[in-house]
Each structure stands twice: as structure tokens, then as C-alpha cells.
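Participant: If it helps, the file is called query24.csv and holds CSV, C-alpha atoms:
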chain,number,residue,atom,x,y,z
M,1,MET,CA,127.7,37.5,161.7
M,2,LEU,CA,131.2,37.5,162.9
M,3,VAL,CA,130.3,35.2,165.8
M,4,PHE,CA,128.5,32.9,163.5
M,5,SER,CA,131.4,32.6,161.1
M,6,LEU,CA,133.9,32.0,163.9
M,7,ALA,CA,131.9,29.4,165.8
M,8,ALA,CA,130.8,27.7,162.6
M,9,ALA,CA,134.3,27.4,161.2
M,10,ILE,CA,135.6,26.0,164.5
M,11,GLY,CA,132.4,23.8,164.7
M,12,TYR,CA,133.0,22.4,161.2
M,13,THR,CA,136.5,21.5,162.0
M,14,LEU,CA,135.5,19.7,165.3
M,15,ALA,CA,132.6,18.1,163.4
M,16,TYR,CA,134.9,16.3,160.9
M,17,TYR,CA,137.6,15.6,163.4
M,18,PHE,CA,135.2,13.8,165.8
M,19,ASN,CA,132.6,12.9,163.1
M,20,TRP,CA,129.8,14.9,164.7
M,21,SER,CA,127.4,14.5,161.8
M,22,LEU,CA,123.9,15.8,162.3
M,23,LEU,CA,122.8,13.9,159.2
M,24,ILE,CA,124.1,10.9,157.3
M,25,TYR,CA,123.3,10.5,153.6
M,26,TYR,CA,123.3,7.2,151.9
M,27,PRO,CA,123.7,7.9,148.1
M,28,VAL,CA,123.2,4.3,147.0
M,29,VAL,CA,119.7,4.1,148.4
M,30,ASN,CA,119.2,7.9,148.3
M,31,GLU,CA,118.2,8.2,152.0
M,32,LEU,CA,119.0,10.6,154.7
M,33,HIS,CA,119.3,9.4,158.3
M,34,LEU,CA,120.0,10.8,161.7
M,35,VAL,CA,121.9,7.6,162.8
M,36,ARG,CA,124.2,5.3,161.1
M,37,GLN,CA,122.6,2.4,159.1
M,38,GLY,CA,123.7,-1.1,158.2
M,39,ARG,CA,125.9,-2.1,155.3
M,40,ALA,CA,123.0,-2.8,153.1
M,41,ASP,CA,122.5,0.9,152.6
M,42,GLY,CA,125.9,1.4,151.1
M,43,PHE,CA,128.6,3.8,152.1
M,44,PRO,CA,127.6,6.9,154.1
M,45,ILE,CA,128.3,10.6,153.3
M,46,PHE,CA,128.9,12.7,156.4
M,47,TYR,CA,129.8,15.9,154.7
M,48,TYR,CA,126.3,17.4,154.7
M,49,GLY,CA,126.0,16.5,158.3
M,50,TRP,CA,129.3,18.2,159.3
M,51,VAL,CA,128.1,21.4,157.5
M,52,ALA,CA,124.7,21.1,159.2
M,53,THR,CA,126.5,20.7,162.6
M,54,ALA,CA,128.6,23.7,161.9
M,55,VAL,CA,125.6,25.8,161.0
M,56,VAL,CA,123.8,24.8,164.2
M,57,ILE,CA,126.9,25.6,166.3
M,58,GLY,CA,127.3,28.9,164.6
M,59,ALA,CA,123.6,29.9,164.9
M,60,VAL,CA,123.6,28.9,168.6
M,61,ALA,CA,126.8,30.8,169.3
M,62,ALA,CA,125.4,33.9,167.5
M,63,CYS,CA,122.2,33.8,169.6
M,64,VAL,CA,123.8,33.3,173.0
M,65,THR,CA,126.8,35.6,172.7
M,66,PRO,CA,126.1,38.8,174.7
M,67,ARG,CA,126.0,42.0,172.7
M,68,SER,CA,128.7,43.6,174.9
M,69,TRP,CA,131.1,40.9,173.7
M,70,LEU,CA,130.4,41.5,170.1
M,71,LYS,CA,132.0,45.0,170.2
M,72,ARG,CA,135.1,43.6,171.6
M,73,LEU,CA,135.6,40.9,168.9
M,74,PRO,CA,137.8,42.2,166.1
M,75,LEU,CA,136.6,41.4,162.6
M,76,ASP,CA,140.2,40.3,161.8
M,77,LEU,CA,139.6,37.2,163.9
M,78,SER,CA,137.4,35.8,161.0
M,79,TRP,CA,140.1,35.4,158.5
M,80,ILE,CA,142.8,34.5,161.1
M,81,VAL,CA,140.5,31.7,162.5
M,82,THR,CA,139.8,30.5,158.9
M,83,ILE,CA,143.5,30.3,158.2
M,84,VAL,CA,144.0,28.3,161.4
M,85,MET,CA,141.1,26.0,160.3
M,86,ILE,CA,142.7,25.6,156.9
M,87,VAL,CA,146.0,24.5,158.6
M,88,ALA,CA,144.0,22.1,160.7
M,89,ALA,CA,142.4,20.6,157.5
M,90,LEU,CA,145.8,20.3,155.9
M,91,THR,CA,147.1,18.5,159.0
M,92,TYR,CA,144.1,16.2,159.1
M,93,GLU,CA,144.3,15.3,155.4
M,94,LYS,CA,148.1,14.8,155.3
M,95,ARG,CA,147.4,11.0,155.4
M,96,TRP,CA,146.7,11.2,151.7
M,97,PHE,CA,150.0,12.7,150.7
K,98,MET,CA,120.6,11.7,139.2
K,99,GLY,CA,120.5,11.1,135.4
K,100,ASP,CA,123.7,11.4,133.4
K,101,SER,CA,122.6,14.4,131.3
K,102,LEU,CA,121.5,16.2,134.5
K,103,THR,CA,124.8,15.5,136.1
K,104,THR,CA,126.7,16.7,133.0
K,105,GLY,CA,124.5,19.9,132.9
K,106,LEU,CA,125.1,20.6,136.6
K,107,LEU,CA,128.8,20.0,136.2
K,108,ILE,CA,129.0,22.5,133.3
K,109,LEU,CA,127.0,25.0,135.3
K,110,HIS,CA,129.3,24.4,138.3
K,111,SER,CA,132.3,25.1,136.1
K,112,LEU,CA,130.9,28.2,134.6
K,113,MET,CA,130.0,29.6,138.0
K,114,ALA,CA,133.4,28.8,139.3
K,115,VAL,CA,135.0,30.7,136.4
K,116,ALA,CA,132.8,33.7,137.1
K,117,LEU,CA,133.6,33.5,140.8
K,118,LEU,CA,137.3,33.2,140.1
K,119,GLY,CA,137.2,36.3,138.0
K,120,ALA,CA,135.2,38.3,140.5
K,121,ILE,CA,137.2,37.3,143.6
K,122,THR,CA,140.6,37.8,141.8
K,123,HIS,CA,139.5,41.2,140.6
K,124,GLN,CA,138.4,42.2,144.1
K,125,ALA,CA,141.5,40.7,145.8
K,126,ILE,CA,143.8,42.8,143.5
K,127,ALA,CA,141.6,45.9,143.8
K,128,VAL,CA,141.5,45.7,147.6
K,129,LYS,CA,145.2,45.6,147.8
K,130,SER,CA,145.7,48.5,145.4
K,131,GLY,CA,143.0,51.0,146.4
K,132,PRO,CA,141.3,53.5,144.2
K,133,ASP,CA,142.3,54.7,140.7
K,134,THR,CA,145.6,56.3,140.5
K,135,GLY,CA,145.0,57.8,137.1
K,136,LYS,CA,147.4,55.5,135.3
K,137,LYS,CA,146.3,54.1,132.0
K,138,SER,CA,148.1,50.7,131.8
K,139,PHE,CA,146.1,47.5,131.7
K,140,GLY,CA,147.2,46.6,135.2
K,141,ALA,CA,146.2,50.0,136.5
K,142,ARG,CA,142.8,49.8,134.8
K,143,TYR,CA,142.3,46.2,136.2
K,144,ARG,CA,143.0,47.4,139.7
K,145,ALA,CA,141.0,50.6,139.4
K,146,VAL,CA,137.6,49.2,140.3
K,147,ASP,CA,135.4,49.6,143.3
K,148,PRO,CA,136.1,46.3,145.2
K,149,SER,CA,133.0,46.6,147.3
K,150,ALA,CA,130.8,46.3,144.1
K,151,TYR,CA,131.8,42.6,143.9
K,152,ARG,CA,130.4,41.6,147.3
K,153,GLY,CA,126.9,40.5,146.3
K,154,ALA,CA,128.1,38.7,143.2
K,155,ILE,CA,130.8,36.8,145.0
K,156,VAL,CA,128.5,35.7,147.8
K,157,LEU,CA,125.8,34.6,145.4
K,158,LEU,CA,128.3,32.8,143.1
K,159,PHE,CA,130.1,31.1,146.1
K,160,VAL,CA,126.8,29.9,147.6
K,161,ALA,CA,125.4,28.7,144.2
K,162,SER,CA,128.6,27.0,143.2
K,163,SER,CA,128.8,25.3,146.6
K,164,VAL,CA,125.2,24.1,146.5
K,165,ILE,CA,125.6,22.7,142.9
K,166,GLY,CA,129.0,21.1,144.0
K,167,ALA,CA,127.3,19.5,147.0
K,168,SER,CA,124.5,18.1,144.8
K,169,LEU,CA,127.2,16.6,142.5
K,170,TYR,CA,129.2,15.2,145.4
K,171,PRO,CA,127.3,11.8,145.7
K,172,THR,CA,128.0,11.2,142.0
K,173,TYR,CA,131.7,12.0,142.6
K,174,ARG,CA,131.8,9.5,145.5
K,175,MET,CA,130.0,6.8,143.5
K,176,ILE,CA,131.8,7.1,140.2
K,177,VAL,CA,135.0,9.2,140.3
K,178,ARG,CA,136.4,8.3,143.7
K,179,PRO,CA,136.4,4.5,143.1
K,180,VAL,CA,138.4,5.1,139.9
K,181,LEU,CA,140.9,7.2,141.9
K,182,GLU,CA,141.2,4.5,144.5
K,183,LEU,CA,141.6,1.7,141.9
K,184,ASP,CA,144.4,3.7,140.2
K,185,ASN,CA,146.0,4.5,143.6
K,186,LEU,CA,145.8,8.2,143.0
K,187,ARG,CA,145.9,9.1,146.7
K,188,VAL,CA,147.1,12.7,146.1
K,189,ALA,CA,144.1,13.4,143.9
K,190,ASN,CA,141.8,11.9,146.5
K,191,GLY,CA,143.5,14.0,149.2
K,192,THR,CA,143.3,17.2,147.2
K,193,PHE,CA,139.6,16.7,146.7
K,194,GLU,CA,139.1,16.1,150.5
K,195,LEU,CA,140.8,19.4,151.0
K,196,LYS,CA,138.5,21.0,148.4
K,197,GLU,CA,135.5,19.8,150.4
K,198,HIS,CA,136.8,21.3,153.6
K,199,PHE,CA,137.8,24.6,152.1
K,200,ALA,CA,134.4,24.9,150.4
K,201,ALA,CA,132.7,24.5,153.7
K,202,LEU,CA,135.0,26.9,155.5
K,203,GLY,CA,134.6,29.5,152.7
K,204,LEU,CA,130.8,29.1,152.9
K,205,LEU,CA,130.9,29.6,156.7
K,206,MET,CA,133.1,32.7,156.5
K,207,LEU,CA,130.7,34.4,154.1
K,208,PRO,CA,128.6,36.1,156.8
K,209,ALA,CA,131.8,37.8,158.2
K,210,TYR,CA,132.9,38.6,154.6
K,211,TRP,CA,129.5,40.2,154.0
K,212,ALA,CA,129.7,42.3,157.2
K,213,ALA,CA,133.3,43.4,156.3
K,214,TRP,CA,132.2,44.7,152.9
K,215,SER,CA,129.0,46.4,154.1
K,216,ARG,CA,128.6,49.9,153.0
K,217,PRO,CA,129.6,52.5,154.1
K,218,LEU,CA,133.0,50.7,154.4
K,219,ALA,CA,134.4,51.1,157.9
K,220,PRO,CA,138.0,52.3,157.8
K,221,GLU,CA,138.9,50.2,160.8
K,222,HIS,CA,138.0,47.1,158.9
K,223,THR,CA,140.4,47.6,156.0
K,224,ALA,CA,142.8,44.9,157.2
K,225,ALA,CA,139.9,42.5,157.8
K,226,ARG,CA,138.4,43.1,154.3
K,227,MET,CA,141.8,42.4,152.8
K,228,GLY,CA,142.4,39.3,154.9
K,229,LEU,CA,138.9,37.9,154.3
K,230,THR,CA,139.1,38.6,150.5
K,231,TRP,CA,142.6,37.0,150.2
K,232,VAL,CA,141.6,33.9,152.2
K,233,LEU,CA,138.4,33.5,150.1
K,234,ALA,CA,140.4,34.0,146.9
K,235,ALA,CA,142.9,31.4,147.9
K,236,ILE,CA,140.1,28.9,148.6
K,237,VAL,CA,138.4,29.7,145.3
K,238,TRP,CA,141.7,29.3,143.4
K,239,TRP,CA,142.5,26.0,145.1
K,240,ASN,CA,139.0,24.6,144.5
K,241,PHE,CA,139.0,25.7,140.9
K,242,LEU,CA,142.3,24.1,140.1
K,243,VAL,CA,141.6,20.9,141.9
K,244,GLY,CA,138.1,20.6,140.3
K,245,ASP,CA,139.6,21.3,136.9
K,246,VAL,CA,142.4,18.7,137.3
K,247,LEU,CA,140.1,16.1,138.7
K,248,ASN,CA,137.6,16.7,135.8
K,249,ASN,CA,140.4,16.0,133.4
K,250,ILE,CA,142.2,13.3,135.4
K,251,LYS,CA,141.5,10.5,133.0
K,252,GLY,CA,143.2,12.4,130.2
K,253,LEU,CA,146.0,13.5,132.4
K,254,PHE,CA,147.0,10.2,134.1
K,255,HIS,CA,145.9,7.5,131.6
As a first step, turn the structure in this file into C-alpha cells.
Facilitator:
Amino acid sequence: MLVFSLAAAIGYTLAYYFNWSLLIYYPVVNELHLVRQGRADGFPIFYYGWVATAVVIGAVAACVTPRSWLKRLPLDLSWIVTIVMIVAALTYEKRWF
Amino acid sequence: MGDSLTTGLLILHSLMAVALLGAITHQAIAVKSGPDTGKKSFGARYRAVDPSAYRGAIVLLFVASSVIGASLYPTYRMIVRPVLELDNLRVANGTFELKEHFAALGLLMLPAYWAAWSRPLAPEHTAARMGLTWVLAAIVWWNFLVGDVLNNIKGLFH
């Protein structure tokens, strides 16, 4: 669970920084796509795709991380990494302020 | 999504957020203070709860609130955001972008939060429980306040 949370939080941040969106939703036409569509479909929403990307990254990391590593990872990393990711989000979104 | 369904979901989203805010705040204060000290003041009684009892409710409310929020997001993008852009309310737009990111990060940290609060509570995870709970509480407070202000933004800025 710790590995999932760590990898998924980092994965989510990378996903929106580099726009790695597993899915793209077009609300105007109510359609979900794997690749970007033309302008006729209206504006895209990447948010669901970023979360999906993060979940996949977290799940893969949780599956491939050796058990011996898990005991060495302190649970404190989970909230420390989340704070770092929050700072990354604040930095990324400072363009609005 | 129909208008009445959107309104219903928005009210449900708000009610869940209020319940989540209460639960996480209670837990965050109790985890800092520890068990009952025998004092009878309101503050002492507020703190004198078993913080681990909130784990399930907090996870459930966070997930449910996030799912409902995500289902309302397209409506926000199509109806509310254009108004914010027209009125040049960039800060409001930015605070909502942060709300989105914080909601996702909070959701993704829930498995670690769940593990930290698993019974029997491991003494070596005391600091992690406090850190996770406080970070989650900060996310919930931010998202609640931003959601509330944006919900009332027409009244506040027009």
C-alpha cells in the first residue's frame, strides 16, 4: 500500500506535468478516447486520464517492488512525498496567481 | 447531466465534504493529543476520542466525495469555468486547479493512510499517522474552502 501511494503520487505529478493521460474525455460530445480528437469534439478533459495513469503506475510499482525492499521503506515517506507533490502542484499552478 | 441531477449531486458533494471535514478535523486533533486525560473541558472532551475509529469513515467519505466531485467536473468546466475566464478571475481558476490536484493526491495517499491506521496500531508508525492525517486534513480544508467560495462566487464577486 505504501509503494502504491508513493508511486501513484509521483506518477500523478509526472502525468500532469508531461500530460501523460491514459484517457481523454470530451464532455461536449460525452465521449472517452485514448488519443486526442479534432476540434469538433470540443475541449478535452485530461484529469481522469492523469488519475488513471497514476493508478496504473502505482499498481505496477506495487507489483514489481521486491518484498525485501518494502520492510526498508519507512511509512513516513508517504506524507513527506505527498507534501513534496503538493509543493510541485503549487509551483506548477503559480501561473494563475 | 440534467440540471436537477447536477444540483442534487452538488448538494450531496457538499454534505459529504462537511462530514469529511468534521471527521478528519476530529481525528487530526485527537491524534496530536492522545488519549483522554480526564479533563472535562469542551476541548478536552473533543480531543478525547479514539482517532483510529475514524479511519473507515474518512476513507469512505473521501472516496465518495471525490467520485461525486469528479462526476461534476465536466459541468464545472462547461458552465462555471467560462464565467471565471470571462470575469478574469484567474486566482479563482487557479485555486480550483489546485483543488483538483490535491483531491487526486489525497485519493492516492489513502492506501498508505489506511495502512498507517490499521489495528493494532503500530507504535513505530505514530509519526506517520500524524503526518498522513495532518496532510489529509490540510487537503480536505483547502478543498472545502475553495469549493465553498467557488460555489458562492457570483454572490461574492458580482
Participant: Contacts from chain M to chain K, 8 Å maximum, only C-alpha atoms: show me the residue list as a PyMOL selection string.
Facilitator: chain M and resi 1-2+4-6+8-9+12+27+45+51+55+75-76+78-80+82-83+85-86+89-90+93-97
Participant: So, counting all atoms listed in the file, which residue among M:Ala54, M:Tyr26, M:Val87, M:Ser21 is closest to Arg39 (chain M)?
Facilitator: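 Selected residue with least distance to Arg39 (chain M): M:Tyr26.
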Participant: Excluding Arg36 (chain M) and residues on its chain fewer than 4 positions from it, collect all residues at most 12 Å away from it, counting all atoms listed in the file, and give them as an NGL selection string.
Facilitator: :M and (19-26 or 31-32 or 40-46 or 49)
Participant: Using C-alpha atoms, can you export the residues from the last selection as a compact mmCIF listing (two decimals), in the coordinates of the input?
Facilitator:
# COMPACT_ATOMS: atom_id res chain seq x y z
CA ASN M 19 132.60 12.90 163.10
CA TRP M 20 129.80 14.90 164.70
CA SER M 21 127.40 14.50 161.80
CA LEU M 22 123.90 15.80 162.30
CA LEU M 23 122.80 13.90 159.20
CA ILE M 24 124.10 10.90 157.30
CA TYR M 25 123.30 10.50 153.60
CA TYR M 26 123.30 7.20 151.90
CA GLU M 31 118.20 8.20 152.00
CA LEU M 32 119.00 10.60 154.70
CA ALA M 40 123.00 -2.80 153.10
CA ASP M 41 122.50 0.90 152.60
CA GLY M 42 125.90 1.40 151.10
CA PHE M 43 128.60 3.80 152.10
CA PRO M 44 127.60 6.90 154.10
CA ILE M 45 128.30 10.60 153.30
CA PHE M 46 128.90 12.70 156.40
CA GLY M 49 126.00 16.50 158.30
Participant: Just the number, please: distance in Å from CA of His123 (chain K) to CA of Ser162 (chain K), one decimal.
Facilitator: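 It comes out at 18.1 Å.
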Participant: Kindly give the distance, in Å, that separates CA of Gly58 (chain M) and CA of Phe18 (chain M), rounded to a single decimal.
Facilitator: 17.1 Å
